[in-house]
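Colleague: This one is structure13.txt, compact mmCIF, C-alpha atoms.
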# COMPACT_ATOMS: atom_id res chain seq x y z
CA MET K 193 -27.44 -118.76 -30.02
CA ALA K 194 -28.33 -121.39 -32.63
CA THR K 195 -28.98 -123.98 -29.87
CA ARG K 196 -31.42 -121.66 -28.09
CA VAL K 197 -33.40 -121.07 -31.28
CA ALA K 198 -33.51 -124.80 -32.03
CA LYS K 199 -34.68 -125.57 -28.48
CA GLU K 200 -37.39 -122.94 -28.63
CA LEU K 201 -38.58 -124.37 -31.94
CA LEU K 202 -38.62 -127.86 -30.45
CA TYR K 203 -40.58 -126.81 -27.38
CA ASP K 204 -43.02 -124.75 -29.47
CA SER K 205 -43.64 -127.69 -31.81
CA GLU K 206 -44.20 -130.03 -28.88
CA ALA K 207 -46.62 -127.62 -27.17
CA SER K 208 -48.56 -127.07 -30.42
CA LEU K 209 -48.91 -130.78 -31.01
CA ARG K 210 -50.13 -131.32 -27.46
CA LEU K 211 -52.78 -128.61 -27.97
CA VAL K 212 -53.91 -130.30 -31.21
CA ASP K 213 -54.03 -133.64 -29.42
CA THR K 214 -56.17 -132.19 -26.61
CA ALA K 215 -58.54 -130.47 -29.09
CA LEU K 216 -59.02 -133.70 -31.01
CA ALA K 217 -59.78 -135.61 -27.85
CA GLU K 218 -62.43 -133.04 -26.94
CA LEU K 219 -63.92 -133.26 -30.46
CA ARG K 220 -64.21 -137.03 -30.22
CA THR K 221 -66.04 -136.72 -26.92
CA GLN K 222 -68.54 -134.15 -28.28
CA ASN K 223 -69.41 -135.98 -31.56
CA GLY K 224 -71.66 -138.71 -30.05
CA PRO K 225 -72.52 -142.19 -31.44
CA ASP K 226 -74.14 -141.38 -34.88
CA ASP K 227 -72.59 -142.94 -38.06
CA ALA K 228 -71.23 -139.73 -39.63
CA GLY K 229 -69.68 -138.79 -36.32
CA ALA K 230 -68.17 -142.27 -36.09
CA ASP K 231 -66.43 -141.85 -39.49
CA VAL K 232 -65.03 -138.49 -38.47
CA ASN K 233 -63.94 -139.98 -35.20
CA ALA K 234 -62.21 -142.86 -36.98
CA GLY K 235 -60.37 -140.45 -39.26
CA LEU K 236 -59.42 -138.16 -36.47
CA ALA K 237 -58.31 -141.03 -34.27
CA GLY K 238 -55.32 -141.66 -36.54
CA LEU K 239 -54.31 -138.00 -36.66
CA PRO K 240 -52.51 -137.81 -33.28
CA ALA K 241 -50.29 -140.76 -34.24
CA LEU K 242 -49.53 -139.09 -37.58
CA LEU K 243 -48.72 -135.81 -35.90
CA LEU K 244 -46.62 -137.59 -33.28
CA ARG K 245 -44.61 -139.22 -36.04
CA ALA K 246 -44.10 -135.82 -37.69
CA TYR K 247 -43.05 -134.42 -34.33
CA THR K 248 -40.55 -137.28 -33.85
CA GLU K 249 -39.07 -136.64 -37.29
CA ILE K 250 -38.77 -132.90 -36.64
CA ASN K 251 -37.20 -133.69 -33.29
CA GLY K 252 -34.69 -136.02 -34.98
CA ALA K 253 -33.82 -133.38 -37.57
CA LEU K 254 -33.26 -130.81 -34.83
CA GLN K 255 -31.04 -133.24 -32.93
CA THR K 256 -28.96 -133.75 -36.10
CA LEU K 257 -28.72 -130.01 -36.59
CA ARG K 258 -27.56 -129.57 -33.01
CA GLN K 259 -24.94 -132.31 -33.39
CA SER K 260 -23.71 -130.79 -36.66
CA ARG K 261 -23.46 -127.38 -35.07
CA THR K 262 -21.50 -128.78 -32.10
CA ALA K 263 -19.17 -130.73 -34.40
CA LEU K 264 -18.55 -127.63 -36.48
CA GLU K 265 -18.00 -125.50 -33.41
CA HIS K 266 -15.47 -127.93 -31.89
CA THR K 267 -13.44 -128.54 -35.02
CA ALA K 268 -13.97 -125.70 -37.42
CA VAL K 269 -13.58 -122.71 -35.13
CA GLU K 270 -10.45 -123.93 -33.39
CA LYS K 271 -8.83 -125.10 -36.62
CA LEU K 272 -9.71 -121.95 -38.49
CA HIS K 273 -8.03 -119.95 -35.72
CA LEU K 274 -4.94 -122.15 -36.11
CA THR K 275 -4.98 -121.65 -39.86
CA SER K 276 -5.31 -117.92 -39.45
CA ALA K 277 -2.38 -117.87 -36.99
CA LYS K 278 -0.27 -119.95 -39.38
CA LEU K 279 -1.01 -117.62 -42.30
CA LYS K 280 -0.06 -114.61 -40.16
CA GLU K 281 3.22 -116.35 -39.34
CA VAL K 282 3.86 -116.92 -43.06
CA SER K 283 3.29 -113.23 -43.69
CA SER K 284 5.59 -112.26 -40.84
CA ALA K 285 8.34 -114.72 -41.90
CA THR K 286 8.20 -113.45 -45.47
CA GLU K 287 8.45 -109.85 -44.33
CA LEU K 288 11.35 -110.62 -41.99
CA ALA K 289 13.29 -112.52 -44.67
CA ALA K 290 12.71 -109.77 -47.22
CA THR K 291 13.95 -107.15 -44.73
CA ASP K 292 17.06 -109.21 -43.90
CA ILE K 293 17.82 -109.70 -47.60
CA LEU K 294 17.36 -105.98 -48.33
CA ASP K 295 19.63 -105.08 -45.39
CA GLY K 296 22.25 -107.49 -46.73
CA LEU K 297 22.00 -106.02 -50.22
CA ASP K 298 22.41 -102.52 -48.79
CA ARG K 299 25.57 -103.63 -47.00
CA ALA K 300 26.86 -105.34 -50.17
CA ILE K 301 26.28 -102.19 -52.22
CA ALA K 302 28.14 -100.14 -49.61
CA MET K 303 31.00 -102.65 -49.87
CA VAL K 304 31.17 -102.20 -53.64
CA ASP K 305 31.64 -98.45 -53.05
CA GLU K 306 34.32 -99.18 -50.47
CA LEU K 307 36.02 -101.61 -52.84
CA GLU K 308 36.06 -98.98 -55.59
CA SER K 309 37.58 -96.47 -53.23
CA ALA K 310 40.23 -98.92 -51.99
CA GLU K 311 41.18 -99.86 -55.54
CA ALA K 312 41.33 -96.20 -56.59
CA GLU K 313 43.80 -95.63 -53.74
CA GLY K 314 45.77 -98.72 -54.73
CA ASP K 315 45.21 -100.26 -51.30
CA THR K 316 45.28 -103.95 -52.29
CA GLY K 317 45.21 -105.18 -48.69
CA ARG K 318 42.01 -103.33 -47.91
CA SER K 319 40.35 -104.27 -51.20
CA GLY K 320 41.12 -107.94 -50.51
CA GLU K 321 39.50 -107.68 -47.07
CA VAL K 322 36.42 -105.96 -48.49
CA ARG K 323 36.07 -108.62 -51.19
CA GLN K 324 36.15 -111.37 -48.57
CA THR K 325 33.62 -109.55 -46.37
CA MET K 326 31.37 -109.03 -49.37
CA ARG K 327 31.61 -112.71 -50.29
CA ASP K 328 30.55 -113.65 -46.72
CA GLU K 329 27.72 -111.13 -46.84
CA LEU K 330 26.36 -112.43 -50.14
CA PHE K 331 26.67 -116.00 -48.97
CA GLY K 332 24.78 -115.10 -45.79
CA LEU K 333 21.92 -113.78 -47.90
CA MET K 334 21.43 -117.26 -49.32
CA GLY K 335 20.72 -118.58 -45.83
CA HIS K 336 17.79 -116.17 -45.46
CA LEU K 337 16.08 -117.98 -48.34
CA GLN K 338 15.43 -120.92 -46.02
CA PHE K 339 12.21 -119.10 -45.16
CA GLN K 340 10.85 -120.42 -48.48
CA ASP K 341 11.00 -124.05 -47.29
CA ILE K 342 9.56 -123.23 -43.88
CA THR K 343 6.70 -121.06 -45.15
CA THR K 344 5.86 -123.71 -47.77
CA GLN K 345 5.37 -126.17 -44.91
CA GLN K 346 3.23 -123.65 -43.04
CA LEU K 347 1.08 -123.09 -46.13
CA ASN K 348 0.76 -126.84 -46.69
CA TYR K 349 -0.47 -127.17 -43.11
CA ALA K 350 -3.04 -124.39 -43.61
CA SER K 351 -4.13 -126.00 -46.87
CA SER K 352 -4.56 -129.40 -45.17
CA ILE K 353 -6.86 -127.84 -42.57
CA LEU K 354 -8.99 -126.20 -45.25
CA THR K 355 -9.24 -129.51 -47.10
CA GLU K 356 -10.29 -131.25 -43.88
CA MET K 357 -12.91 -128.55 -43.29
CA GLU K 358 -14.19 -128.99 -46.83
CA ASN K 359 -14.59 -132.73 -46.24
CA ARG K 360 -16.43 -132.19 -42.93
CA LEU K 361 -18.79 -129.67 -44.50
CA MET K 362 -19.53 -132.10 -47.32
CA GLN K 363 -20.30 -134.84 -44.79
CA ILE K 364 -22.72 -132.51 -43.01
CA ALA K 365 -24.27 -131.43 -46.31
CA ARG K 366 -24.91 -135.07 -47.22
CA ILE K 367 -26.91 -135.61 -43.99
CA PHE K 368 -29.60 -133.33 -45.38
CA ASP K 369 -29.87 -135.23 -48.68
CA PRO K 370 -29.19 -132.29 -51.02
CA SER K 371 -30.42 -134.34 -54.01
CA LEU K 372 -33.98 -133.57 -52.83
CA PHE K 373 -33.27 -129.93 -53.67
CA GLY K 374 -31.57 -130.76 -56.95
CA LEU K 375 -28.10 -130.16 -55.49
CA GLU K 376 -25.03 -132.34 -55.77
CA VAL K 377 -22.33 -132.82 -53.14
CA PRO K 378 -19.04 -134.31 -54.40
CA ASN K 379 -17.85 -137.41 -52.56
CA THR K 380 -14.42 -136.06 -51.66
CA ALA K 381 -12.64 -132.75 -51.51
CA SER K 382 -10.63 -131.64 -54.52
CA ASP K 383 -7.61 -133.86 -55.18
CA GLN K 384 -4.29 -132.50 -53.97
CA PRO K 385 -0.81 -133.91 -54.53
CA ALA K 386 0.70 -135.73 -51.55
CA VAL K 387 2.83 -133.34 -49.55
CA ALA K 388 4.78 -133.80 -46.35
CA PHE K 389 5.08 -131.02 -43.83
CA ASP K 390 5.80 -130.24 -40.21
CA PRO K 391 2.65 -128.64 -38.70
CA ALA K 392 4.88 -126.84 -36.19
CA ALA K 393 7.38 -125.51 -38.76
CA THR K 394 8.56 -122.05 -37.77
CA THR K 395 11.31 -119.57 -38.49
CA HIS K 396 11.33 -118.48 -34.84
CA ASP K 397 13.74 -119.38 -32.03
CA ALA K 398 16.05 -121.56 -34.13
CA GLU K 399 18.92 -121.04 -31.69
CA THR K 400 16.85 -122.12 -28.68
CA ARG K 401 15.57 -125.17 -30.54
CA GLN K 402 19.11 -126.05 -31.68
CA ALA K 403 20.26 -125.76 -28.06
CA LEU K 404 17.71 -128.43 -27.07
CA VAL K 405 19.02 -130.70 -29.84
CA ASP K 406 22.62 -130.17 -28.70
CA GLN K 407 21.66 -130.91 -25.11
CA ILE K 408 20.04 -134.22 -26.11
CA PHE K 409 22.89 -135.23 -28.41
CA GLY K 410 25.32 -134.32 -25.62
CA MET F 249 34.20 -136.96 -49.74
CA LYS F 250 30.84 -137.38 -51.49
CA PHE F 251 27.70 -135.94 -49.88
CA LEU F 252 24.15 -137.07 -50.60
CA VAL F 253 21.82 -134.11 -49.96
CA VAL F 254 18.15 -135.08 -49.55
CA ASP F 255 15.34 -132.53 -49.35
CA ASP F 256 12.01 -132.11 -51.16
CA SER F 257 12.69 -128.36 -51.37
CA ALA F 258 14.96 -127.52 -54.29
CA THR F 259 15.81 -124.23 -52.55
CA MET F 260 17.01 -126.06 -49.45
CA ARG F 261 19.08 -128.52 -51.49
CA ARG F 262 20.76 -125.60 -53.22
CA ILE F 263 21.44 -123.81 -49.93
CA VAL F 264 22.94 -126.94 -48.37
CA ILE F 265 25.05 -127.74 -51.46
CA ASN F 266 26.31 -124.15 -51.69
CA SER F 267 27.17 -124.24 -48.00
CA LEU F 268 29.06 -127.51 -48.49
CA GLN F 269 31.00 -126.05 -51.41
CA ARG F 270 31.91 -123.05 -49.31
CA ILE F 271 33.20 -125.34 -46.58
CA GLY F 272 35.23 -127.17 -49.21
CA PHE F 273 33.10 -130.19 -50.08
CA ASN F 274 32.44 -130.06 -53.80
CA ASP F 275 31.38 -133.63 -54.52
CA THR F 276 27.61 -133.78 -53.98
CA VAL F 277 24.63 -135.71 -55.28
CA GLU F 278 21.03 -134.78 -54.51
CA ALA F 279 17.66 -136.46 -54.06
CA GLY F 280 14.12 -135.07 -53.69
CA ASP F 281 12.85 -137.60 -51.14
CA GLY F 282 13.88 -140.63 -49.10
CA GLN F 283 13.01 -143.15 -51.77
CA GLU F 284 15.07 -141.36 -54.39
CA ALA F 285 17.92 -141.18 -51.88
CA VAL F 286 17.76 -144.94 -51.26
CA ASP F 287 17.90 -145.46 -55.04
CA ARG F 288 20.86 -143.10 -55.44
CA PHE F 289 22.82 -144.30 -52.44
CA ASP F 290 25.92 -146.36 -53.16
CA PRO F 291 29.17 -147.05 -51.34
CA SER F 292 30.77 -143.96 -52.90
CA VAL F 293 28.50 -141.76 -50.72
CA SER F 294 30.36 -140.98 -47.54
CA PHE F 295 27.95 -138.54 -45.84
CA VAL F 296 24.15 -138.11 -45.96
CA ILE F 297 22.38 -134.83 -45.12
CA THR F 298 18.63 -135.27 -45.06
CA ASP F 299 15.42 -133.41 -44.35
CA TRP F 300 12.73 -135.16 -42.26
CA ASN F 301 9.37 -134.26 -43.84
CA MET F 302 9.32 -135.47 -47.42
CA PRO F 303 6.76 -137.25 -49.61
CA ASN F 304 7.14 -140.95 -50.49
CA MET F 305 9.75 -141.62 -47.80
CA SER F 306 10.65 -139.44 -44.83
CA GLY F 307 14.18 -138.71 -43.66
CA LEU F 308 13.53 -140.85 -40.59
CA ASP F 309 12.60 -143.85 -42.75
CA LEU F 310 15.58 -143.13 -44.97
CA ALA F 311 17.89 -143.35 -41.94
CA ARG F 312 16.29 -146.66 -40.93
CA ALA F 313 16.55 -147.99 -44.50
CA LEU F 314 20.24 -147.06 -44.76
CA ARG F 315 21.06 -148.54 -41.36
CA ALA F 316 19.46 -151.80 -42.50
CA ARG F 317 21.81 -152.01 -45.49
CA ALA F 318 25.31 -153.39 -45.23
CA ASP F 319 26.72 -150.47 -47.25
CA GLY F 320 24.76 -147.85 -45.28
CA ALA F 321 25.11 -149.17 -41.75
CA ASN F 322 27.95 -146.83 -40.88
CA VAL F 323 27.49 -143.88 -43.21
CA PRO F 324 27.23 -140.60 -41.24
CA ILE F 325 23.69 -139.16 -41.35
CA LEU F 326 22.90 -135.55 -40.47
CA MET F 327 19.22 -134.63 -40.13
CA VAL F 328 18.33 -131.02 -41.10
CA THR F 329 14.72 -130.27 -40.24
CA THR F 330 12.19 -127.87 -38.76
CA ARG F 331 11.08 -130.56 -36.29
CA SER F 332 12.53 -129.82 -32.91
CA VAL F 333 10.47 -131.37 -30.13
CA ARG F 334 12.25 -133.75 -27.77
CA GLU F 335 10.32 -136.83 -29.00
CA ASP F 336 11.36 -136.16 -32.60
CA ILE F 337 15.01 -135.72 -31.69
CA ILE F 338 14.98 -138.98 -29.74
CA ALA F 339 13.22 -140.77 -32.61
CA ALA F 340 15.97 -139.53 -34.95
CA ILE F 341 18.68 -140.88 -32.63
CA GLU F 342 16.89 -144.22 -32.44
CA ALA F 343 16.66 -144.32 -36.25
CA GLY F 344 20.44 -144.01 -36.43
CA VAL F 345 20.94 -140.31 -37.14
CA ASN F 346 24.41 -139.10 -36.08
CA ASN F 347 23.54 -135.46 -35.53
CA TYR F 348 20.74 -132.98 -36.01
CA ILE F 349 20.32 -129.40 -37.21
CA VAL F 350 17.22 -127.26 -36.73
CA LYS F 351 16.07 -125.11 -39.67
CA PRO F 352 16.71 -122.29 -40.27
CA PHE F 353 20.43 -122.84 -39.75
CA THR F 354 23.60 -120.91 -40.45
CA PRO F 355 26.50 -122.27 -42.55
CA GLN F 356 28.60 -122.12 -39.37
CA VAL F 357 26.25 -124.58 -37.63
CA LEU F 358 26.35 -126.88 -40.66
CA LYS F 359 30.15 -126.89 -40.67
CA GLU F 360 30.29 -127.42 -36.91
CA LYS F 361 27.94 -130.44 -37.07
CA ILE F 362 29.74 -132.02 -40.02
CA ASP F 363 33.04 -131.65 -38.15
CA THR F 364 31.48 -133.14 -34.99
CA VAL F 365 30.09 -136.13 -36.89
CA LEU F 366 33.31 -136.74 -38.81
CA SER F 367 35.35 -136.53 -35.59
CA ALA F 368 33.01 -138.99 -33.84
CA VAL F 369 33.04 -141.40 -36.78
CA GLY F 370 36.82 -141.08 -37.09
CA ALA F 371 37.25 -141.69 -33.39
CA ALA F 372 34.97 -144.74 -33.42
Can the structure in the file be given as structure tokens, please?
Modeller:
Amino acid sequence: MATRVAKELLYDSEASLRLVDTALAELRTQNGPDDAGADVNAGLAGLPALLLRAYTEINGALQTLRQSRTALEHTAVEKLHLTSAKLKEVSSATELAATDILDGLDRAIAMVDELESAEAEGDTGRSGEVRQTMRDELFGLMGHLQFQDITTQQLNYASSILTEMENRLMQIARIFDPSLFGLEVPNTASDQPAVAFDPAATTHDAETRQALVDQIFG
Amino acid sequence: MKFLVVDDSATMRRIVINSLQRIGFNDTVEAGDGQEAVDRFDPSVSFVITDWNMPNMSGLDLARALRARADGANVPILMVTTRSVREDIIAAIEAGVNNYIVKPFTPQVLKEKIDTVLSAVGAA
């Protein structure tokens, strides 16, 4: 859509300038050889070149705009989709981990009731078994907290894309010399501490991925 | 047996250390990145469990650094990471990693891999 509008503007500008050029040529022909006419002619003679230069500059600006738009389209849109997908995955992983932890807590609470009942009946064998099961259950809950490390990596990835986008937008903004409009563009995006992350970090399919590892390690 | 647990996530270090204690390994030391691990490594460390993606020095570079040292050339190294594409796994093997666990993992998998590595090292 933006390209079509830019092209139309370019063609309209070119057509208008050609009309002006033609009109000036006709004017020069009609003025004749008197002195006043000669002065006008001399002044007008430089006008087409001036207008052509203006046209070239407008054309250049439009080319830059088109390139900026294409660069934004190729990088920004795709990366923003990736970021959005990553943030959705974070949300889903958090929800899944919270559900698993709540389920585990429910089971642990039920075990406390069972333990109470076993102890009230004096069934030491059963109470020992329940205690061991409860210990395993509570220990298992700790494993669900691995989502924190994985979602942190996912968020770091999303953050890195936003920082990259910020830098690209600042580069584009600088093309148009914002100082002419009294605006300032910082040289670099806001400073962030160095972080390391796996862009493909996920909580999904761990067993399948582990199977690939085991196959390679033999 | 002393374990060096390396991960930039304090949560993950705690999970791994708790899992080790549950298996029966109570002697652990921890580091927040590869560089810190290199600094903390000494001949008393008999097993290294490391993450891959960490600031300052990655787990892969840590494995290479340890393999280049006389006192780290043979120490068992277990990589625990989210990275799981074939190229990464092969790079880890080439860096000298003895075995590899994909996050998220279960304590059972951790125990199984430690046993596998210790058996292989013992058999070597």
Colleague: What are the nearest atom pairs, with distances in Å to one decimal, for all residues of chain K that come at most 6 Å from chain F, using only C-alpha atoms, set out by chain and rising residue number as a tab-separated table?
Modeller:
residue	atom	partner	partner_atom	distance
K:Val387	CA	F:Pro303	CA	5.5
K:Ala388	CA	F:Met302	CA	5.0
K:Phe389	CA	F:Asn301	CA	5.4
K:Ala393	CA	F:Thr330	CA	5.4
K:Gln402	CA	F:Val350	CA	5.5
Colleague: Distance atom CA of Glu206 of chain K-atom CA of Ile367 of chain K, one decimal place?
Modeller: 23.6 Å
Colleague: Please list as a list in words every residue within 10 Å of Leu326 of chain F, counting all atoms listed in the file and excluding residues in the same chain fewer than 6 positions away.
Modeller: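 These residues fall inside the cut-off: Val253, Phe295, Val296, Ile297, Thr298, Asp299, Gly307, Ala311, Ala340, Gly344, Val345, Asn346, Asn347, Tyr348, Ile349, Leu358, Lys361, Ile362 and Val365 of chain F.
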Colleague: Determine, counting all atoms listed in the file, which protein, DNA and RNA residues have an atom within 9 Å of an atom of Phe289 of chain F; residues of the same chain fewer than 3 positions away are not included. Present the result as an MDAnalysis selection string.
Modeller: chainID F and resid 252 284:286 292:293 314 319:320
Colleague: What does the distance from atom CA of Ile353 of chain K to atom CA of Ser276 of chain K come to in Å, to one decimal?
Modeller: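 The value is 10.5 Å.
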Colleague: Between atom CA of Gly282 of chain F and atom CA of Leu310 of chain F, what is the distance in Å, rounded to a tenth?
Modeller: 5.1 Å
Colleague: From the set F:Gly280, F:Asp275, F:Met327, F:Ala316, which residue has the shortest atom-to-atom contact distance to Arg261 of chain F, counting only C-alpha atoms?
Modeller: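 Of all the options, F:Gly280 lies closest to Arg261 of chain F.
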